[in-house]
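Everything below belongs to entry.txt, which stores compact mmCIF, N, CA and C atoms.
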```txt
# COMPACT_ATOMS: atom_id res chain seq x y z
N MET E 1 -15.48 -35.19 20.19
CA MET E 1 -15.29 -34.24 19.11
C MET E 1 -14.32 -33.15 19.53
N GLY E 2 -14.17 -32.89 20.82
CA GLY E 2 -13.25 -31.85 21.25
C GLY E 2 -13.86 -30.46 21.16
N THR E 3 -14.99 -30.33 20.51
CA THR E 3 -15.67 -29.05 20.39
C THR E 3 -16.79 -29.04 21.41
N TRP E 4 -16.93 -27.95 22.12
CA TRP E 4 -17.96 -27.94 23.15
C TRP E 4 -18.90 -26.77 23.04
N GLY E 5 -18.86 -26.06 21.95
CA GLY E 5 -19.79 -24.98 21.70
C GLY E 5 -19.73 -24.58 20.25
N VAL E 6 -20.81 -23.99 19.76
CA VAL E 6 -20.86 -23.64 18.34
C VAL E 6 -20.05 -22.41 17.98
N HIS E 7 -19.70 -21.56 18.94
CA HIS E 7 -18.92 -20.36 18.63
C HIS E 7 -17.51 -20.76 18.23
N VAL E 8 -16.89 -20.00 17.34
CA VAL E 8 -15.58 -20.37 16.79
C VAL E 8 -14.47 -20.44 17.84
N PHE E 9 -14.64 -19.80 18.98
CA PHE E 9 -13.61 -19.86 20.02
C PHE E 9 -13.89 -20.95 21.06
N GLN E 10 -14.96 -21.69 20.91
CA GLN E 10 -15.36 -22.66 21.94
C GLN E 10 -14.87 -24.07 21.63
N ASN E 11 -13.58 -24.20 21.39
CA ASN E 11 -12.98 -25.52 21.21
C ASN E 11 -11.49 -25.42 21.53
N ASP E 12 -10.90 -26.55 21.80
CA ASP E 12 -9.51 -26.58 22.25
C ASP E 12 -8.53 -26.03 21.21
N ALA E 13 -8.70 -26.40 19.95
CA ALA E 13 -7.78 -25.95 18.91
C ALA E 13 -7.82 -24.43 18.77
N ALA E 14 -9.01 -23.86 18.81
CA ALA E 14 -9.14 -22.40 18.71
C ALA E 14 -8.52 -21.71 19.92
N GLN E 15 -8.74 -22.27 21.08
CA GLN E 15 -8.18 -21.64 22.28
C GLN E 15 -6.66 -21.72 22.28
N ASP E 16 -6.11 -22.81 21.76
CA ASP E 16 -4.65 -22.89 21.63
C ASP E 16 -4.13 -21.81 20.68
N LEU E 17 -4.85 -21.59 19.58
CA LEU E 17 -4.46 -20.55 18.63
C LEU E 17 -4.54 -19.17 19.28
N VAL E 18 -5.61 -18.91 19.99
CA VAL E 18 -5.77 -17.63 20.69
C VAL E 18 -4.61 -17.42 21.65
N ASP E 19 -4.25 -18.46 22.39
CA ASP E 19 -3.12 -18.35 23.32
C ASP E 19 -1.83 -17.98 22.58
N GLU E 20 -1.56 -18.66 21.45
CA GLU E 20 -0.37 -18.36 20.66
C GLU E 20 -0.36 -16.89 20.22
N ILE E 21 -1.49 -16.43 19.76
CA ILE E 21 -1.57 -15.06 19.24
C ILE E 21 -1.41 -14.05 20.36
N LEU E 22 -2.08 -14.28 21.48
CA LEU E 22 -1.98 -13.34 22.59
C LEU E 22 -0.59 -13.34 23.22
N GLU E 23 0.11 -14.48 23.15
CA GLU E 23 1.47 -14.56 23.65
C GLU E 23 2.48 -14.00 22.66
N GLY E 24 2.03 -13.76 21.42
CA GLY E 24 2.91 -13.22 20.39
C GLY E 24 3.78 -14.27 19.74
N THR E 25 3.42 -15.54 19.87
CA THR E 25 4.25 -16.61 19.30
C THR E 25 3.72 -17.14 17.97
N TYR E 26 2.54 -16.71 17.55
CA TYR E 26 1.98 -17.19 16.28
C TYR E 26 2.69 -16.49 15.12
N ARG E 27 3.16 -17.28 14.17
CA ARG E 27 3.81 -16.74 12.98
C ARG E 27 3.13 -17.35 11.75
N LEU E 28 2.46 -16.51 10.99
CA LEU E 28 1.78 -16.97 9.78
C LEU E 28 2.76 -17.63 8.83
N ASP E 29 3.98 -17.13 8.75
CA ASP E 29 4.99 -17.72 7.85
C ASP E 29 5.16 -19.21 8.10
N GLU E 30 5.03 -19.62 9.34
CA GLU E 30 5.22 -21.03 9.69
C GLU E 30 4.03 -21.89 9.28
N HIS E 31 2.92 -21.27 8.92
CA HIS E 31 1.70 -22.03 8.60
C HIS E 31 1.28 -21.90 7.13
N ARG E 32 1.90 -21.03 6.38
CA ARG E 32 1.46 -20.82 4.98
C ARG E 32 1.50 -22.10 4.17
N GLN E 33 2.57 -22.86 4.27
CA GLN E 33 2.70 -24.10 3.50
C GLN E 33 1.63 -25.11 3.91
N GLU E 34 1.38 -25.19 5.19
CA GLU E 34 0.33 -26.08 5.72
C GLU E 34 -1.04 -25.68 5.15
N TYR E 35 -1.33 -24.38 5.11
CA TYR E 35 -2.60 -23.91 4.57
C TYR E 35 -2.71 -24.21 3.08
N ARG E 36 -1.61 -24.05 2.35
CA ARG E 36 -1.64 -24.35 0.91
C ARG E 36 -1.91 -25.83 0.68
N ALA E 37 -1.31 -26.69 1.50
CA ALA E 37 -1.52 -28.14 1.35
C ALA E 37 -2.98 -28.50 1.62
N GLU E 38 -3.58 -27.87 2.62
CA GLU E 38 -5.00 -28.13 2.92
C GLU E 38 -5.88 -27.67 1.77
N GLU E 39 -5.55 -26.52 1.22
CA GLU E 39 -6.35 -26.00 0.11
C GLU E 39 -6.23 -26.92 -1.10
N ASP E 40 -5.02 -27.41 -1.38
CA ASP E 40 -4.80 -28.31 -2.51
C ASP E 40 -5.54 -29.63 -2.32
N ALA E 41 -5.60 -30.11 -1.08
CA ALA E 41 -6.26 -31.38 -0.79
C ALA E 41 -7.79 -31.26 -0.84
N LEU E 42 -8.29 -30.04 -0.72
CA LEU E 42 -9.72 -29.78 -0.70
C LEU E 42 -10.45 -30.54 0.42
N TYR E 43 -9.71 -30.85 1.49
CA TYR E 43 -10.31 -31.46 2.68
C TYR E 43 -9.64 -30.87 3.89
N ILE E 44 -10.44 -30.40 4.84
CA ILE E 44 -9.93 -29.77 6.05
C ILE E 44 -10.30 -30.65 7.24
N ASP E 45 -9.29 -31.10 7.99
CA ASP E 45 -9.61 -31.91 9.18
C ASP E 45 -10.16 -31.01 10.29
N ALA E 46 -10.70 -31.61 11.33
CA ALA E 46 -11.42 -30.85 12.36
C ALA E 46 -10.54 -29.83 13.06
N GLU E 47 -9.33 -30.22 13.46
CA GLU E 47 -8.47 -29.28 14.17
C GLU E 47 -8.08 -28.11 13.29
N ALA E 48 -7.70 -28.39 12.05
CA ALA E 48 -7.33 -27.31 11.13
C ALA E 48 -8.52 -26.40 10.87
N GLY E 49 -9.70 -26.98 10.70
CA GLY E 49 -10.90 -26.18 10.47
C GLY E 49 -11.20 -25.26 11.63
N ALA E 50 -11.08 -25.79 12.84
CA ALA E 50 -11.33 -24.98 14.04
C ALA E 50 -10.34 -23.83 14.13
N ARG E 51 -9.08 -24.10 13.81
CA ARG E 51 -8.06 -23.04 13.85
C ARG E 51 -8.32 -21.99 12.76
N LEU E 52 -8.73 -22.44 11.58
CA LEU E 52 -9.01 -21.49 10.49
C LEU E 52 -10.18 -20.58 10.84
N LEU E 53 -11.24 -21.15 11.41
CA LEU E 53 -12.38 -20.33 11.79
C LEU E 53 -11.99 -19.32 12.87
N ALA E 54 -11.21 -19.77 13.84
CA ALA E 54 -10.76 -18.85 14.89
C ALA E 54 -9.85 -17.77 14.31
N LEU E 55 -8.99 -18.16 13.38
CA LEU E 55 -8.09 -17.18 12.76
C LEU E 55 -8.89 -16.13 11.99
N GLY E 56 -9.90 -16.57 11.26
CA GLY E 56 -10.77 -15.63 10.55
C GLY E 56 -11.45 -14.67 11.50
N ALA E 57 -11.96 -15.20 12.60
CA ALA E 57 -12.62 -14.34 13.60
C ALA E 57 -11.62 -13.37 14.22
N LEU E 58 -10.41 -13.82 14.47
CA LEU E 58 -9.37 -12.94 15.03
C LEU E 58 -9.02 -11.81 14.07
N VAL E 59 -8.94 -12.13 12.79
CA VAL E 59 -8.68 -11.08 11.80
C VAL E 59 -9.82 -10.07 11.80
N ARG E 60 -11.05 -10.55 11.86
CA ARG E 60 -12.21 -9.64 11.90
C ARG E 60 -12.17 -8.76 13.14
N VAL E 61 -11.80 -9.33 14.28
CA VAL E 61 -11.69 -8.53 15.51
C VAL E 61 -10.58 -7.49 15.35
N ALA E 62 -9.45 -7.90 14.81
CA ALA E 62 -8.33 -6.98 14.63
C ALA E 62 -8.69 -5.82 13.71
N ARG E 63 -9.59 -6.07 12.76
CA ARG E 63 -10.03 -5.04 11.82
C ARG E 63 -11.29 -4.32 12.30
N ASN E 64 -11.70 -4.58 13.54
CA ASN E 64 -12.91 -3.98 14.12
C ASN E 64 -14.16 -4.28 13.31
N GLU E 65 -14.25 -5.51 12.79
CA GLU E 65 -15.39 -5.91 11.96
C GLU E 65 -16.41 -6.77 12.71
N ASP E 66 -16.09 -7.19 13.93
CA ASP E 66 -16.98 -8.12 14.62
C ASP E 66 -16.94 -7.89 16.13
N ALA E 67 -17.89 -7.12 16.61
CA ALA E 67 -17.95 -6.79 18.04
C ALA E 67 -18.27 -8.02 18.89
N ALA E 68 -19.14 -8.91 18.40
CA ALA E 68 -19.50 -10.10 19.18
C ALA E 68 -18.28 -11.00 19.38
N ALA E 69 -17.50 -11.18 18.32
CA ALA E 69 -16.29 -11.99 18.45
C ALA E 69 -15.27 -11.30 19.36
N ALA E 70 -15.22 -9.98 19.31
CA ALA E 70 -14.31 -9.24 20.18
C ALA E 70 -14.68 -9.46 21.64
N ASP E 71 -15.97 -9.46 21.95
CA ASP E 71 -16.43 -9.71 23.31
C ASP E 71 -16.07 -11.13 23.76
N ALA E 72 -16.28 -12.11 22.87
CA ALA E 72 -15.95 -13.50 23.19
C ALA E 72 -14.45 -13.66 23.40
N LEU E 73 -13.68 -13.00 22.57
CA LEU E 73 -12.22 -13.06 22.69
C LEU E 73 -11.75 -12.40 23.98
N ALA E 74 -12.32 -11.27 24.34
CA ALA E 74 -11.96 -10.59 25.58
C ALA E 74 -12.27 -11.47 26.79
N GLU E 75 -13.37 -12.21 26.70
CA GLU E 75 -13.73 -13.10 27.79
C GLU E 75 -12.71 -14.25 27.92
N ILE E 76 -12.32 -14.83 26.79
CA ILE E 76 -11.33 -15.90 26.80
C ILE E 76 -10.00 -15.40 27.32
N ALA E 77 -9.60 -14.22 26.86
CA ALA E 77 -8.30 -13.65 27.23
C ALA E 77 -8.32 -13.05 28.63
N ASP E 78 -9.52 -12.88 29.16
CA ASP E 78 -9.70 -12.28 30.48
C ASP E 78 -9.15 -10.85 30.56
N THR E 79 -9.30 -10.14 29.43
CA THR E 79 -8.90 -8.73 29.37
C THR E 79 -9.62 -8.04 28.22
N ASP E 80 -9.87 -6.75 28.40
CA ASP E 80 -10.46 -5.95 27.31
C ASP E 80 -9.39 -5.31 26.44
N GLU E 81 -8.15 -5.39 26.87
CA GLU E 81 -7.06 -4.74 26.16
C GLU E 81 -6.31 -5.75 25.31
N LEU E 82 -6.80 -5.95 24.12
CA LEU E 82 -6.20 -6.91 23.19
C LEU E 82 -5.45 -6.16 22.10
N ASP E 83 -4.24 -6.57 21.86
CA ASP E 83 -3.44 -5.97 20.80
C ASP E 83 -3.24 -7.01 19.71
N LEU E 84 -3.99 -6.88 18.64
CA LEU E 84 -3.92 -7.83 17.53
C LEU E 84 -3.25 -7.24 16.30
N ASP E 85 -2.63 -6.06 16.45
CA ASP E 85 -1.98 -5.43 15.31
C ASP E 85 -0.88 -6.32 14.74
N GLY E 86 -0.12 -6.98 15.61
CA GLY E 86 0.95 -7.87 15.15
C GLY E 86 0.43 -9.01 14.30
N LEU E 87 -0.73 -9.51 14.64
CA LEU E 87 -1.35 -10.57 13.84
C LEU E 87 -1.73 -10.03 12.47
N LEU E 88 -2.43 -8.94 12.46
CA LEU E 88 -2.93 -8.37 11.21
C LEU E 88 -1.79 -8.01 10.25
N GLU E 89 -0.69 -7.53 10.79
CA GLU E 89 0.46 -7.14 9.96
C GLU E 89 1.07 -8.32 9.21
N GLN E 90 0.82 -9.53 9.67
CA GLN E 90 1.39 -10.72 9.03
C GLN E 90 0.66 -11.11 7.75
N PHE E 91 -0.54 -10.59 7.55
CA PHE E 91 -1.38 -11.00 6.44
C PHE E 91 -1.23 -10.09 5.22
N THR E 92 -0.98 -10.70 4.08
CA THR E 92 -1.05 -10.00 2.81
C THR E 92 -2.48 -10.15 2.28
N ASP E 93 -2.80 -9.43 1.22
CA ASP E 93 -4.11 -9.60 0.59
C ASP E 93 -4.29 -11.04 0.11
N GLU E 94 -3.21 -11.64 -0.39
CA GLU E 94 -3.27 -13.03 -0.85
C GLU E 94 -3.55 -13.98 0.31
N ASP E 95 -2.93 -13.72 1.47
CA ASP E 95 -3.20 -14.54 2.65
C ASP E 95 -4.65 -14.45 3.08
N LEU E 96 -5.21 -13.26 3.05
CA LEU E 96 -6.61 -13.08 3.43
C LEU E 96 -7.54 -13.81 2.47
N GLN E 97 -7.22 -13.76 1.18
CA GLN E 97 -8.04 -14.48 0.20
C GLN E 97 -7.95 -15.98 0.44
N GLN E 98 -6.75 -16.46 0.71
CA GLN E 98 -6.59 -17.89 0.98
C GLN E 98 -7.35 -18.30 2.23
N LEU E 99 -7.31 -17.46 3.27
CA LEU E 99 -8.06 -17.74 4.50
C LEU E 99 -9.56 -17.82 4.21
N ARG E 100 -10.07 -16.90 3.41
CA ARG E 100 -11.49 -16.94 3.03
C ARG E 100 -11.83 -18.25 2.32
N GLU E 101 -10.95 -18.66 1.39
CA GLU E 101 -11.19 -19.88 0.63
C GLU E 101 -11.14 -21.12 1.52
N LEU E 102 -10.21 -21.16 2.45
CA LEU E 102 -10.10 -22.30 3.36
C LEU E 102 -11.30 -22.38 4.30
N ILE E 103 -11.77 -21.24 4.76
CA ILE E 103 -12.97 -21.24 5.60
C ILE E 103 -14.17 -21.71 4.78
N ALA E 104 -14.25 -21.29 3.53
CA ALA E 104 -15.35 -21.74 2.66
C ALA E 104 -15.33 -23.26 2.50
N ILE E 105 -14.14 -23.85 2.35
CA ILE E 105 -14.03 -25.30 2.26
C ILE E 105 -14.51 -25.94 3.56
N THR E 106 -14.13 -25.35 4.68
CA THR E 106 -14.53 -25.87 5.99
C THR E 106 -16.04 -25.86 6.18
N LEU E 107 -16.70 -24.88 5.59
CA LEU E 107 -18.15 -24.72 5.77
C LEU E 107 -18.97 -25.32 4.63
N ARG E 108 -18.33 -25.98 3.69
CA ARG E 108 -19.01 -26.41 2.47
C ARG E 108 -19.86 -27.66 2.62
N GLU E 109 -19.26 -28.78 3.01
CA GLU E 109 -19.95 -30.06 3.03
C GLU E 109 -19.10 -31.09 3.76
N PRO E 110 -19.69 -32.20 4.15
CA PRO E 110 -18.91 -33.21 4.87
C PRO E 110 -17.78 -33.81 4.04
N ALA E 111 -17.92 -33.84 2.73
CA ALA E 111 -16.87 -34.41 1.89
C ALA E 111 -15.60 -33.57 1.89
N SER E 112 -15.72 -32.29 2.29
CA SER E 112 -14.55 -31.41 2.29
C SER E 112 -14.15 -30.97 3.68
N SER E 113 -14.93 -31.32 4.70
CA SER E 113 -14.68 -30.81 6.04
C SER E 113 -15.09 -31.79 7.13
N GLU E 114 -14.11 -32.19 7.92
CA GLU E 114 -14.42 -33.06 9.05
C GLU E 114 -15.30 -32.34 10.07
N LEU E 115 -15.05 -31.04 10.28
CA LEU E 115 -15.88 -30.28 11.22
C LEU E 115 -17.34 -30.27 10.77
N TYR E 116 -17.56 -30.03 9.50
CA TYR E 116 -18.93 -30.03 8.97
C TYR E 116 -19.59 -31.37 9.27
N GLU E 117 -18.87 -32.44 8.99
CA GLU E 117 -19.40 -33.77 9.22
C GLU E 117 -19.74 -34.00 10.70
N LEU E 118 -18.84 -33.58 11.58
CA LEU E 118 -19.07 -33.77 13.02
C LEU E 118 -20.27 -32.96 13.51
N TRP E 119 -20.38 -31.72 13.04
CA TRP E 119 -21.52 -30.90 13.46
C TRP E 119 -22.83 -31.42 12.86
N GLU E 120 -22.75 -31.96 11.65
CA GLU E 120 -23.95 -32.55 11.04
C GLU E 120 -24.42 -33.74 11.88
N GLU E 121 -23.48 -34.58 12.31
CA GLU E 121 -23.82 -35.73 13.14
C GLU E 121 -24.36 -35.31 14.50
N SER E 122 -23.93 -34.15 15.00
CA SER E 122 -24.36 -33.70 16.33
C SER E 122 -25.80 -33.19 16.34
N GLY E 123 -26.34 -32.88 15.16
CA GLY E 123 -27.68 -32.31 15.09
C GLY E 123 -27.71 -30.79 15.26
N GLU E 124 -26.53 -30.17 15.38
CA GLU E 124 -26.44 -28.72 15.57
C GLU E 124 -25.77 -28.01 14.40
N LEU E 125 -25.85 -28.63 13.24
CA LEU E 125 -25.17 -28.09 12.06
C LEU E 125 -25.58 -26.65 11.75
N GLU E 126 -26.86 -26.37 11.72
CA GLU E 126 -27.32 -25.03 11.34
C GLU E 126 -26.83 -23.96 12.32
N GLU E 127 -26.85 -24.26 13.61
CA GLU E 127 -26.34 -23.29 14.60
C GLU E 127 -24.85 -23.06 14.41
N TRP E 128 -24.11 -24.15 14.17
CA TRP E 128 -22.67 -24.03 13.95
C TRP E 128 -22.37 -23.23 12.68
N LEU E 129 -23.07 -23.54 11.60
CA LEU E 129 -22.86 -22.81 10.35
C LEU E 129 -23.15 -21.32 10.53
N GLU E 130 -24.23 -21.00 11.19
CA GLU E 130 -24.59 -19.59 11.41
C GLU E 130 -23.48 -18.87 12.18
N ALA E 131 -23.00 -19.48 13.25
CA ALA E 131 -21.95 -18.87 14.05
C ALA E 131 -20.64 -18.81 13.27
N SER E 132 -20.34 -19.84 12.51
CA SER E 132 -19.05 -19.93 11.81
C SER E 132 -18.96 -18.98 10.62
N ARG E 133 -20.06 -18.75 9.96
CA ARG E 133 -20.04 -17.84 8.80
C ARG E 133 -19.60 -16.43 9.18
N THR E 134 -19.80 -16.07 10.44
CA THR E 134 -19.37 -14.74 10.88
C THR E 134 -17.86 -14.62 10.97
N ALA E 135 -17.15 -15.74 10.85
CA ALA E 135 -15.68 -15.73 10.95
C ALA E 135 -15.00 -15.39 9.64
N ILE E 136 -15.75 -15.31 8.57
CA ILE E 136 -15.13 -15.04 7.26
C ILE E 136 -14.75 -13.56 7.19
N PRO E 137 -13.45 -13.29 7.04
CA PRO E 137 -13.03 -11.88 6.96
C PRO E 137 -13.56 -11.19 5.71
N ASP E 138 -13.93 -9.93 5.83
CA ASP E 138 -14.39 -9.14 4.68
C ASP E 138 -13.23 -8.81 3.75
```
Rewritten as structure tokens:
Amino acid sequence: MGTWGVHVFQNDAAQDLVDEILEGTYRLDEHRQEYRAEEDALYIDAEAGARLLALGALVRVARNEDAAAADALAEIADTDELDLDGLLEQFTDEDLQQLRELIAITLREPASSELYELWEESGELEEWLEASRTAIPD
């Protein structure tokens, strides 16, 4: 499955995204079309779902909305000094709404989310859902 923990940062796709953001190479402009296509398809594959959940958690950390995710992110980054202002500046209100909607699709049911299906098969669906719901930006 490639996922090794229920927290949104505990998988390879999320860690790759975190690396891009911390290196300053992530550009939302390059992903908007991809996100729109996923939303139109109403199905999110596992890698995209993992990245969306991590992105939601990163936005929450950047907005000081999630201390637990901030601690997890600091541990991954191996520093307490995280500058996520550049990430947050890339998001419009419309982008944030779309991110919320895509995360909702990811957390909805196996018919709309490969991640949901994989976690359901693992027997840890409820733990994953509980941890993942905290990634939805306010």
- Near-Gly56 of chain E list (6.5 Å; all atoms listed in the file; drop same-chain fewer than 5 positions) as an NGL selection string: :E and (51 or 61 or 134-137)
- Atom-to-atom span, atom CA of Arg133 of chain E and atom CA of Ile103 of chain E, Å: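 Value for the atom CA of Arg133 of chain E-atom CA of Ile103 of chain E distance: 8.5 Å.
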- Within 12 Å of Ala50 of chain E, counting only C-alpha atoms, which residues show up once you throw out same-chain ones fewer than 5 positions away? Write them as a PyMOL selection string, please. chain E and resi 1-18+44-45+55-57+102-103+106-107+113-116+118-119+128+132+135
- Query: Can you tell me how far atom CA of Ala72 of chain E sits from atom N of Leu58 of chain E, in Å to one decimal?
  - Reply: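 Separating atom CA of Ala72 of chain E from atom N of Leu58 of chain E is a distance of 10.3 Å.
Across the model, the gap from atom CA of Glu23 of chain E to atom CA of Glu130 of chain E is 29.2 Å.
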Would you mind putting all heavy atoms back on segment 60-70 of chain E and writing the result as an mmCIF file, in the frame of the given file?
```
data_model
loop_
_atom_site.group_PDB
_atom_site.id
_atom_site.type_symbol
_atom_site.label_atom_id
_atom_site.label_comp_id
_atom_site.auth_asym_id
_atom_site.auth_seq_id
_atom_site.Cartn_x
_atom_site.Cartn_y
_atom_site.Cartn_z
ATOM 1 N N ARG E 60 -11.050 -10.550 11.860
ATOM 2 C CA ARG E 60 -12.210 -9.640 11.900
ATOM 3 C C ARG E 60 -12.170 -8.760 13.140
ATOM 4 O O ARG E 60 -12.468 -7.572 13.066
ATOM 5 C CB ARG E 60 -13.518 -10.438 11.848
ATOM 6 C CG ARG E 60 -13.783 -11.029 10.462
ATOM 7 C CD ARG E 60 -15.086 -11.789 10.406
ATOM 8 N NE ARG E 60 -16.214 -11.015 10.873
ATOM 9 C CZ ARG E 60 -16.934 -10.162 10.125
ATOM 10 N NH1 ARG E 60 -16.619 -9.975 8.868
ATOM 11 N NH2 ARG E 60 -17.947 -9.518 10.643
ATOM 12 N N VAL E 61 -11.800 -9.330 14.280
ATOM 13 C CA VAL E 61 -11.690 -8.530 15.510
ATOM 14 C C VAL E 61 -10.580 -7.490 15.350
ATOM 15 O O VAL E 61 -10.776 -6.320 15.704
ATOM 16 C CB VAL E 61 -11.425 -9.444 16.732
ATOM 17 C CG1 VAL E 61 -11.059 -8.615 17.956
ATOM 18 C CG2 VAL E 61 -12.645 -10.309 17.017
ATOM 19 N N ALA E 62 -9.450 -7.900 14.810
ATOM 20 C CA ALA E 62 -8.330 -6.980 14.630
ATOM 21 C C ALA E 62 -8.690 -5.820 13.710
ATOM 22 O O ALA E 62 -8.199 -4.706 13.875
ATOM 23 C CB ALA E 62 -7.112 -7.721 14.081
ATOM 24 N N ARG E 63 -9.590 -6.070 12.760
ATOM 25 C CA ARG E 63 -10.030 -5.040 11.820
ATOM 26 C C ARG E 63 -11.290 -4.320 12.300
ATOM 27 O O ARG E 63 -11.903 -3.577 11.544
ATOM 28 C CB ARG E 63 -10.289 -5.681 10.457
ATOM 29 C CG ARG E 63 -9.025 -6.263 9.839
ATOM 30 C CD ARG E 63 -9.351 -7.202 8.722
ATOM 31 N NE ARG E 63 -9.319 -6.522 7.450
ATOM 32 C CZ ARG E 63 -9.668 -7.076 6.305
ATOM 33 N NH1 ARG E 63 -10.096 -8.306 6.264
ATOM 34 N NH2 ARG E 63 -9.617 -6.386 5.192
ATOM 35 N N ASN E 64 -11.700 -4.580 13.540
ATOM 36 C CA ASN E 64 -12.910 -3.980 14.120
ATOM 37 C C ASN E 64 -14.160 -4.280 13.310
ATOM 38 O O ASN E 64 -15.045 -3.439 13.170
ATOM 39 C CB ASN E 64 -12.737 -2.466 14.288
ATOM 40 C CG ASN E 64 -11.654 -2.137 15.261
ATOM 41 O OD1 ASN E 64 -11.567 -2.725 16.332
ATOM 42 N ND2 ASN E 64 -10.790 -1.193 14.889
ATOM 43 N N GLU E 65 -14.250 -5.510 12.790
ATOM 44 C CA GLU E 65 -15.390 -5.910 11.960
ATOM 45 C C GLU E 65 -16.410 -6.770 12.710
ATOM 46 O O GLU E 65 -17.459 -7.089 12.161
ATOM 47 C CB GLU E 65 -14.906 -6.694 10.735
ATOM 48 C CG GLU E 65 -14.068 -5.877 9.788
ATOM 49 C CD GLU E 65 -13.464 -6.711 8.667
ATOM 50 O OE1 GLU E 65 -13.545 -7.954 8.693
ATOM 51 O OE2 GLU E 65 -12.887 -6.108 7.756
ATOM 52 N N ASP E 66 -16.090 -7.190 13.930
ATOM 53 C CA ASP E 66 -16.980 -8.120 14.620
ATOM 54 C C ASP E 66 -16.940 -7.890 16.130
ATOM 55 O O ASP E 66 -16.086 -8.416 16.831
ATOM 56 C CB ASP E 66 -16.571 -9.557 14.295
ATOM 57 C CG ASP E 66 -17.608 -10.582 14.735
ATOM 58 O OD1 ASP E 66 -18.410 -10.281 15.637
ATOM 59 O OD2 ASP E 66 -17.613 -11.682 14.162
ATOM 60 N N ALA E 67 -17.890 -7.120 16.610
ATOM 61 C CA ALA E 67 -17.950 -6.790 18.040
ATOM 62 C C ALA E 67 -18.270 -8.020 18.890
ATOM 63 O O ALA E 67 -17.727 -8.184 19.985
ATOM 64 C CB ALA E 67 -18.974 -5.698 18.287
ATOM 65 N N ALA E 68 -19.140 -8.910 18.400
ATOM 66 C CA ALA E 68 -19.500 -10.100 19.180
ATOM 67 C C ALA E 68 -18.280 -11.000 19.380
ATOM 68 O O ALA E 68 -18.051 -11.506 20.481
ATOM 69 C CB ALA E 68 -20.627 -10.857 18.489
ATOM 70 N N ALA E 69 -17.500 -11.180 18.320
ATOM 71 C CA ALA E 69 -16.290 -11.990 18.450
ATOM 72 C C ALA E 69 -15.270 -11.300 19.360
ATOM 73 O O ALA E 69 -14.557 -11.961 20.102
ATOM 74 C CB ALA E 69 -15.684 -12.276 17.084
ATOM 75 N N ALA E 70 -15.220 -9.980 19.310
ATOM 76 C CA ALA E 70 -14.310 -9.240 20.180
ATOM 77 C C ALA E 70 -14.680 -9.460 21.640
ATOM 78 O O ALA E 70 -13.805 -9.668 22.494
ATOM 79 C CB ALA E 70 -14.337 -7.752 19.841
#
```
